[in-house]
$ cat model_13.txt   # compact mmCIF, N, CA, C and O atoms
# COMPACT_ATOMS: atom_id res chain seq x y z
N LEU A 1 2.25 7.42 -6.22
CA LEU A 1 1.53 6.25 -6.69
C LEU A 1 2.28 5.02 -6.18
O LEU A 1 3.44 4.82 -6.50
N THR A 2 1.61 4.23 -5.37
CA THR A 2 2.21 3.01 -4.85
C THR A 2 1.59 1.81 -5.52
O THR A 2 0.37 1.66 -5.53
N VAL A 3 2.44 0.98 -6.10
CA VAL A 3 1.99 -0.24 -6.78
C VAL A 3 2.71 -1.41 -6.12
O VAL A 3 3.93 -1.39 -5.94
N ARG A 4 1.94 -2.42 -5.77
CA ARG A 4 2.51 -3.63 -5.17
C ARG A 4 1.96 -4.85 -5.89
O ARG A 4 0.77 -4.90 -6.21
N MET A 5 2.83 -5.82 -6.12
CA MET A 5 2.44 -7.02 -6.85
C MET A 5 2.93 -8.25 -6.09
O MET A 5 4.04 -8.25 -5.56
N THR A 6 2.09 -9.27 -6.03
CA THR A 6 2.46 -10.50 -5.38
C THR A 6 1.79 -11.68 -6.07
O THR A 6 0.75 -11.51 -6.71
N GLY A 7 2.37 -12.82 -5.94
CA GLY A 7 1.77 -14.03 -6.48
C GLY A 7 0.98 -14.78 -5.42
O GLY A 7 0.40 -15.83 -5.69
N CYS A 8 0.92 -14.24 -4.22
CA CYS A 8 0.30 -14.92 -3.09
C CYS A 8 -0.87 -14.09 -2.55
O CYS A 8 -0.72 -12.92 -2.24
N PRO A 9 -2.04 -14.69 -2.37
CA PRO A 9 -3.20 -13.94 -1.87
C PRO A 9 -3.16 -13.64 -0.37
O PRO A 9 -4.03 -12.95 0.13
N ASN A 10 -2.13 -14.13 0.35
CA ASN A 10 -2.08 -13.91 1.80
C ASN A 10 -1.74 -12.48 2.18
O ASN A 10 -1.90 -12.08 3.33
N GLY A 11 -1.26 -11.67 1.27
CA GLY A 11 -1.05 -10.25 1.53
C GLY A 11 0.27 -9.87 2.15
O GLY A 11 0.41 -8.75 2.63
N GLY A 12 1.25 -10.75 2.14
CA GLY A 12 2.54 -10.43 2.75
C GLY A 12 3.23 -9.24 2.10
O GLY A 12 3.96 -8.50 2.76
N ALA A 13 3.02 -9.02 0.82
CA ALA A 13 3.60 -7.88 0.12
C ALA A 13 2.73 -6.63 0.25
O ALA A 13 3.03 -5.61 -0.34
N ARG A 14 1.66 -6.74 1.02
CA ARG A 14 0.72 -5.66 1.30
C ARG A 14 0.08 -5.04 0.04
O ARG A 14 -0.03 -3.82 -0.05
N PRO A 15 -0.37 -5.85 -0.91
CA PRO A 15 -1.02 -5.27 -2.09
C PRO A 15 -2.35 -4.62 -1.77
O PRO A 15 -2.83 -3.77 -2.52
N TYR A 16 -2.94 -5.00 -0.65
CA TYR A 16 -4.26 -4.48 -0.28
C TYR A 16 -4.19 -3.10 0.36
O TYR A 16 -5.21 -2.48 0.61
N ASN A 17 -2.97 -2.61 0.64
CA ASN A 17 -2.78 -1.27 1.18
C ASN A 17 -2.24 -0.29 0.14
O ASN A 17 -2.08 0.88 0.43
N ALA A 18 -1.98 -0.75 -1.06
CA ALA A 18 -1.39 0.09 -2.10
C ALA A 18 -2.48 0.85 -2.86
O ALA A 18 -3.65 0.48 -2.83
N ASP A 19 -2.05 1.90 -3.56
CA ASP A 19 -2.97 2.59 -4.46
C ASP A 19 -3.49 1.59 -5.50
O ASP A 19 -4.68 1.54 -5.78
N ILE A 20 -2.56 0.81 -6.05
CA ILE A 20 -2.91 -0.25 -7.00
C ILE A 20 -2.16 -1.50 -6.58
O ILE A 20 -0.95 -1.47 -6.39
N GLY A 21 -2.88 -2.59 -6.42
CA GLY A 21 -2.27 -3.85 -6.02
C GLY A 21 -2.65 -4.97 -6.98
O GLY A 21 -3.78 -5.05 -7.44
N PHE A 22 -1.69 -5.82 -7.27
CA PHE A 22 -1.90 -6.96 -8.14
C PHE A 22 -1.67 -8.22 -7.33
O PHE A 22 -0.64 -8.38 -6.69
N VAL A 23 -2.64 -9.13 -7.38
CA VAL A 23 -2.54 -10.39 -6.65
C VAL A 23 -2.70 -11.52 -7.66
O VAL A 23 -3.74 -11.64 -8.31
N GLY A 24 -1.66 -12.35 -7.77
CA GLY A 24 -1.68 -13.44 -8.72
C GLY A 24 -2.75 -14.47 -8.42
O GLY A 24 -2.97 -14.83 -7.26
N ARG A 25 -3.42 -14.91 -9.45
CA ARG A 25 -4.45 -15.94 -9.33
C ARG A 25 -3.94 -17.27 -9.88
O ARG A 25 -4.24 -18.32 -9.37
N ARG A 26 -3.21 -17.19 -10.97
CA ARG A 26 -2.54 -18.32 -11.59
C ARG A 26 -1.49 -17.70 -12.51
O ARG A 26 -1.48 -16.48 -12.70
N PRO A 27 -0.60 -18.47 -13.09
CA PRO A 27 0.46 -17.87 -13.90
C PRO A 27 -0.08 -16.93 -14.98
O PRO A 27 -0.93 -17.31 -15.80
N GLY A 28 0.37 -15.67 -14.93
CA GLY A 28 0.00 -14.68 -15.92
C GLY A 28 -1.37 -14.04 -15.76
O GLY A 28 -1.81 -13.27 -16.60
N VAL A 29 -2.06 -14.32 -14.64
CA VAL A 29 -3.40 -13.78 -14.41
C VAL A 29 -3.46 -13.17 -13.01
O VAL A 29 -3.05 -13.80 -12.04
N TYR A 30 -4.01 -11.94 -12.92
CA TYR A 30 -4.03 -11.21 -11.66
C TYR A 30 -5.40 -10.63 -11.36
O TYR A 30 -6.16 -10.29 -12.27
N HIS A 31 -5.68 -10.48 -10.07
CA HIS A 31 -6.76 -9.61 -9.62
C HIS A 31 -6.13 -8.24 -9.41
O HIS A 31 -5.00 -8.14 -8.93
N VAL A 32 -6.85 -7.18 -9.76
CA VAL A 32 -6.35 -5.82 -9.61
C VAL A 32 -7.19 -5.12 -8.54
O VAL A 32 -8.42 -5.07 -8.64
N PHE A 33 -6.53 -4.61 -7.52
CA PHE A 33 -7.17 -3.91 -6.42
C PHE A 33 -6.77 -2.44 -6.47
O PHE A 33 -5.62 -2.12 -6.78
N VAL A 34 -7.69 -1.53 -6.17
CA VAL A 34 -7.36 -0.11 -6.12
C VAL A 34 -7.97 0.51 -4.86
O VAL A 34 -8.95 0.02 -4.32
N GLY A 35 -7.34 1.59 -4.40
CA GLY A 35 -7.93 2.38 -3.33
C GLY A 35 -7.40 2.12 -1.94
O GLY A 35 -7.99 2.57 -0.96
N GLY A 36 -6.29 1.44 -1.80
CA GLY A 36 -5.75 1.19 -0.47
C GLY A 36 -5.16 2.43 0.16
O GLY A 36 -4.84 3.40 -0.51
N GLY A 37 -5.02 2.40 1.47
CA GLY A 37 -4.43 3.51 2.21
C GLY A 37 -3.08 3.11 2.77
O GLY A 37 -2.97 2.12 3.48
N LEU A 38 -2.05 3.87 2.46
CA LEU A 38 -0.69 3.53 2.90
C LEU A 38 -0.52 3.59 4.41
O LEU A 38 0.37 2.96 4.96
N ARG A 39 -1.37 4.33 5.10
CA ARG A 39 -1.29 4.41 6.56
C ARG A 39 -1.88 3.16 7.22
O ARG A 39 -1.84 3.02 8.43
N GLY A 40 -2.46 2.29 6.41
CA GLY A 40 -3.07 1.08 6.95
C GLY A 40 -4.49 1.29 7.44
O GLY A 40 -5.05 0.44 8.11
N ASP A 41 -5.08 2.43 7.10
CA ASP A 41 -6.43 2.75 7.58
C ASP A 41 -7.52 2.38 6.57
O ASP A 41 -8.70 2.52 6.86
N ARG A 42 -7.11 1.88 5.39
CA ARG A 42 -8.10 1.54 4.38
C ARG A 42 -7.54 0.45 3.48
O ARG A 42 -6.43 0.55 2.98
N LEU A 43 -8.34 -0.60 3.28
CA LEU A 43 -7.97 -1.66 2.35
C LEU A 43 -8.55 -1.34 0.97
O LEU A 43 -9.58 -0.69 0.85
N SER A 44 -7.87 -1.83 -0.03
CA SER A 44 -8.33 -1.60 -1.40
C SER A 44 -9.53 -2.47 -1.73
O SER A 44 -9.85 -3.43 -1.02
N ASP A 45 -10.18 -2.13 -2.82
CA ASP A 45 -11.32 -2.89 -3.32
C ASP A 45 -10.93 -3.59 -4.60
O ASP A 45 -10.11 -3.08 -5.38
N LEU A 46 -11.55 -4.73 -4.85
CA LEU A 46 -11.32 -5.43 -6.10
C LEU A 46 -11.85 -4.57 -7.24
O LEU A 46 -13.02 -4.18 -7.26
N PHE A 47 -10.99 -4.26 -8.19
CA PHE A 47 -11.34 -3.42 -9.34
C PHE A 47 -11.55 -4.27 -10.58
O PHE A 47 -12.50 -4.08 -11.32
N LEU A 48 -10.65 -5.22 -10.80
CA LEU A 48 -10.72 -6.11 -11.95
C LEU A 48 -10.35 -7.52 -11.51
O LEU A 48 -9.41 -7.69 -10.73
N ALA A 49 -11.05 -8.50 -12.01
CA ALA A 49 -10.76 -9.89 -11.65
C ALA A 49 -10.21 -10.65 -12.85
O ALA A 49 -10.65 -10.46 -13.99
N ASP A 50 -9.24 -11.49 -12.57
CA ASP A 50 -8.68 -12.41 -13.57
C ASP A 50 -8.26 -11.72 -14.86
O ASP A 50 -8.70 -12.07 -15.95
N VAL A 51 -7.39 -10.73 -14.72
CA VAL A 51 -6.87 -9.99 -15.87
C VAL A 51 -5.54 -10.60 -16.29
O VAL A 51 -4.65 -10.79 -15.46
N LYS A 52 -5.41 -10.87 -17.57
CA LYS A 52 -4.14 -11.37 -18.08
C LYS A 52 -3.10 -10.26 -17.99
O LYS A 52 -3.41 -9.09 -18.20
N VAL A 53 -1.88 -10.63 -17.67
CA VAL A 53 -0.83 -9.65 -17.45
C VAL A 53 -0.66 -8.73 -18.66
O VAL A 53 -0.38 -7.54 -18.51
N GLU A 54 -0.87 -9.24 -19.86
CA GLU A 54 -0.74 -8.43 -21.06
C GLU A 54 -1.82 -7.36 -21.17
O GLU A 54 -1.68 -6.41 -21.93
N GLN A 55 -2.92 -7.50 -20.46
CA GLN A 55 -4.05 -6.59 -20.55
C GLN A 55 -4.14 -5.59 -19.40
O GLN A 55 -5.01 -4.72 -19.41
N ILE A 56 -3.25 -5.69 -18.43
CA ILE A 56 -3.35 -4.84 -17.25
C ILE A 56 -3.26 -3.36 -17.60
O ILE A 56 -4.10 -2.57 -17.17
N ALA A 57 -2.27 -2.97 -18.38
CA ALA A 57 -2.12 -1.54 -18.71
C ALA A 57 -3.34 -1.01 -19.45
O ALA A 57 -3.84 0.07 -19.15
N GLU A 58 -3.84 -1.77 -20.39
CA GLU A 58 -5.02 -1.36 -21.15
C GLU A 58 -6.24 -1.21 -20.26
O GLU A 58 -7.03 -0.27 -20.42
N GLN A 59 -6.40 -2.10 -19.30
CA GLN A 59 -7.55 -2.06 -18.42
C GLN A 59 -7.46 -0.91 -17.40
O GLN A 59 -8.49 -0.35 -17.01
N LEU A 60 -6.26 -0.56 -16.97
CA LEU A 60 -6.08 0.51 -15.99
C LEU A 60 -6.04 1.90 -16.62
O LEU A 60 -6.27 2.90 -15.94
N ARG A 61 -5.75 1.98 -17.91
CA ARG A 61 -5.59 3.28 -18.58
C ARG A 61 -6.77 4.23 -18.35
O ARG A 61 -6.56 5.39 -17.97
N PRO A 62 -8.04 3.82 -18.54
CA PRO A 62 -9.14 4.77 -18.32
C PRO A 62 -9.19 5.33 -16.90
O PRO A 62 -9.43 6.52 -16.71
N LEU A 63 -8.96 4.49 -15.91
CA LEU A 63 -8.95 4.95 -14.52
C LEU A 63 -7.84 5.97 -14.30
O LEU A 63 -8.08 7.02 -13.71
N LEU A 64 -6.65 5.68 -14.78
CA LEU A 64 -5.52 6.57 -14.54
C LEU A 64 -5.65 7.88 -15.32
O LEU A 64 -5.27 8.94 -14.80
N LEU A 65 -6.21 7.84 -16.50
CA LEU A 65 -6.45 9.09 -17.25
C LEU A 65 -7.48 9.95 -16.54
O LEU A 65 -7.32 11.18 -16.45
N ARG A 66 -8.53 9.33 -16.05
CA ARG A 66 -9.56 10.08 -15.32
C ARG A 66 -8.98 10.67 -14.04
O ARG A 66 -9.24 11.83 -13.70
N TYR A 67 -8.21 9.88 -13.32
CA TYR A 67 -7.55 10.35 -12.11
C TYR A 67 -6.66 11.56 -12.42
O TYR A 67 -6.70 12.58 -11.71
N ALA A 68 -5.87 11.47 -13.47
CA ALA A 68 -4.96 12.57 -13.83
C ALA A 68 -5.73 13.85 -14.15
O ALA A 68 -5.27 14.95 -13.82
N ALA A 69 -6.88 13.71 -14.74
CA ALA A 69 -7.66 14.88 -15.15
C ALA A 69 -8.49 15.48 -14.02
O ALA A 69 -8.73 16.68 -13.99
N GLU A 70 -8.93 14.66 -13.07
CA GLU A 70 -9.90 15.11 -12.07
C GLU A 70 -9.37 15.23 -10.64
O GLU A 70 -10.06 15.76 -9.78
N ARG A 71 -8.19 14.75 -10.38
CA ARG A 71 -7.72 14.68 -8.99
C ARG A 71 -7.47 16.05 -8.39
O ARG A 71 -7.24 17.03 -9.09
N GLU A 72 -7.53 16.10 -7.08
CA GLU A 72 -7.17 17.30 -6.33
C GLU A 72 -5.66 17.32 -6.14
O GLU A 72 -5.00 16.28 -6.25
N ALA A 73 -5.11 18.46 -5.82
CA ALA A 73 -3.67 18.56 -5.55
C ALA A 73 -3.30 17.61 -4.41
O ALA A 73 -4.01 17.52 -3.40
N ASP A 74 -2.23 16.88 -4.57
CA ASP A 74 -1.73 15.94 -3.56
C ASP A 74 -2.67 14.79 -3.26
O ASP A 74 -2.55 14.14 -2.21
N GLU A 75 -3.64 14.53 -4.11
CA GLU A 75 -4.57 13.41 -3.89
C GLU A 75 -3.98 12.14 -4.50
O GLU A 75 -3.64 12.10 -5.68
N SER A 76 -3.88 11.09 -3.71
CA SER A 76 -3.34 9.83 -4.21
C SER A 76 -4.42 9.08 -4.99
O SER A 76 -5.61 9.40 -4.89
N VAL A 77 -4.01 8.09 -5.73
CA VAL A 77 -4.97 7.26 -6.44
C VAL A 77 -5.91 6.61 -5.45
O VAL A 77 -7.12 6.53 -5.67
N GLY A 78 -5.39 6.15 -4.32
CA GLY A 78 -6.21 5.52 -3.30
C GLY A 78 -7.27 6.45 -2.74
O GLY A 78 -8.40 6.05 -2.47
N ASP A 79 -6.92 7.72 -2.58
CA ASP A 79 -7.89 8.69 -2.07
C ASP A 79 -8.88 9.12 -3.13
O ASP A 79 -10.01 9.50 -2.81
N TYR A 80 -8.49 9.06 -4.38
CA TYR A 80 -9.36 9.46 -5.47
C TYR A 80 -10.54 8.50 -5.54
O TYR A 80 -11.65 8.82 -5.60
$ encode --input "model_13.txt" --output "structure tokens"
Amino acid sequence: LTVRMTGCPNGGARPYNADIGFVGRRPGVYHVFVGGGLRGDRLSDLFLADVKVEQIAEQLRPLLLRYAAEREADESVGDY
């Protein structure tokens, strides 16, 4: 599971290639991207917009629980 977080939308920290990426919108608020490919062959999609940092875990929990229950062997979150 690769997670990348940045406060800059320019992508220097490569949040758009991570399984889960957080891009700061303003202090304490992030866009959440999922589904990136670490090989650089796939960019992530916007999953949640303008999520307060305190709510990120709660908002991602259903996705991660479903992934844990349904994934194939060696399947990354991005591939799921």
$ residues_around --input "model_13.txt" --residues "Ala18 in chain A" --least-positions-apart "4" --cutoff "6 Å" --atoms "all atoms listed in the file" --output "list in words"
Thr2, Val3, Arg4, Arg14, Phe33, Val34, Gly35, Gly36, Gly37, Leu38, Ser44 and Gly78 of chain A
$ closest_residue --input "model_13.txt" --among "A:Arg39, A:Leu64, A:Leu1, A:Gly28" --to "Val51 in chain A" --atoms "only C-alpha atoms"
A:Gly28
$ atom_distance --input "model_13.txt" --atom1 "CA of Glu70 in chain A" --atom2 "CA of Thr6 in chain A"
29.2 Å
$ select_by_dssp --input "model_13.txt" --residues "chain A" --states "alpha helix (DSSP H)" --output "list in words"
Ile56, Ala57, Glu58, Gln59, Leu60, Arg61, Pro62, Leu63, Leu64, Leu65, Arg66, Tyr67, Ala68, Ala69 and Glu70 of chain A
$ atom_distance --input "model_13.txt" --atom1 "CA of Val77 in chain A" --atom2 "CA of Gly12 in chain A"
21.3 Å
$ atom_distance --input "model_13.txt" --atom1 "CA of Gln59 in chain A" --atom2 "CA of Asn17 in chain A"
20.2 Å
$ axis_aligned_box --input "model_13.txt" --around "range 62-74 of chain A" --padding-each-side "8 Å" --output "lines of an AutoDock Vina configuration file"
center_x = -5.9
center_y = 11.2
center_z = -10.4
size_x = 24.3
size_y = 30.7
size_z = 32.3
$ closest_residue --input "model_13.txt" --among "A:Tyr30, A:Asp19, A:Cys8, A:Ala13" --to "Glu75 in chain A" --atoms "only C-alpha atoms"
A:Asp19
$ residues_near_point --input "model_13.txt" --point "(0.9, -6.6, -9.6)" --cutoff "7 Å" --atoms "all atoms listed in the file" --output "PyMOL selection string"
chain A and resi 3-6+20-24+31
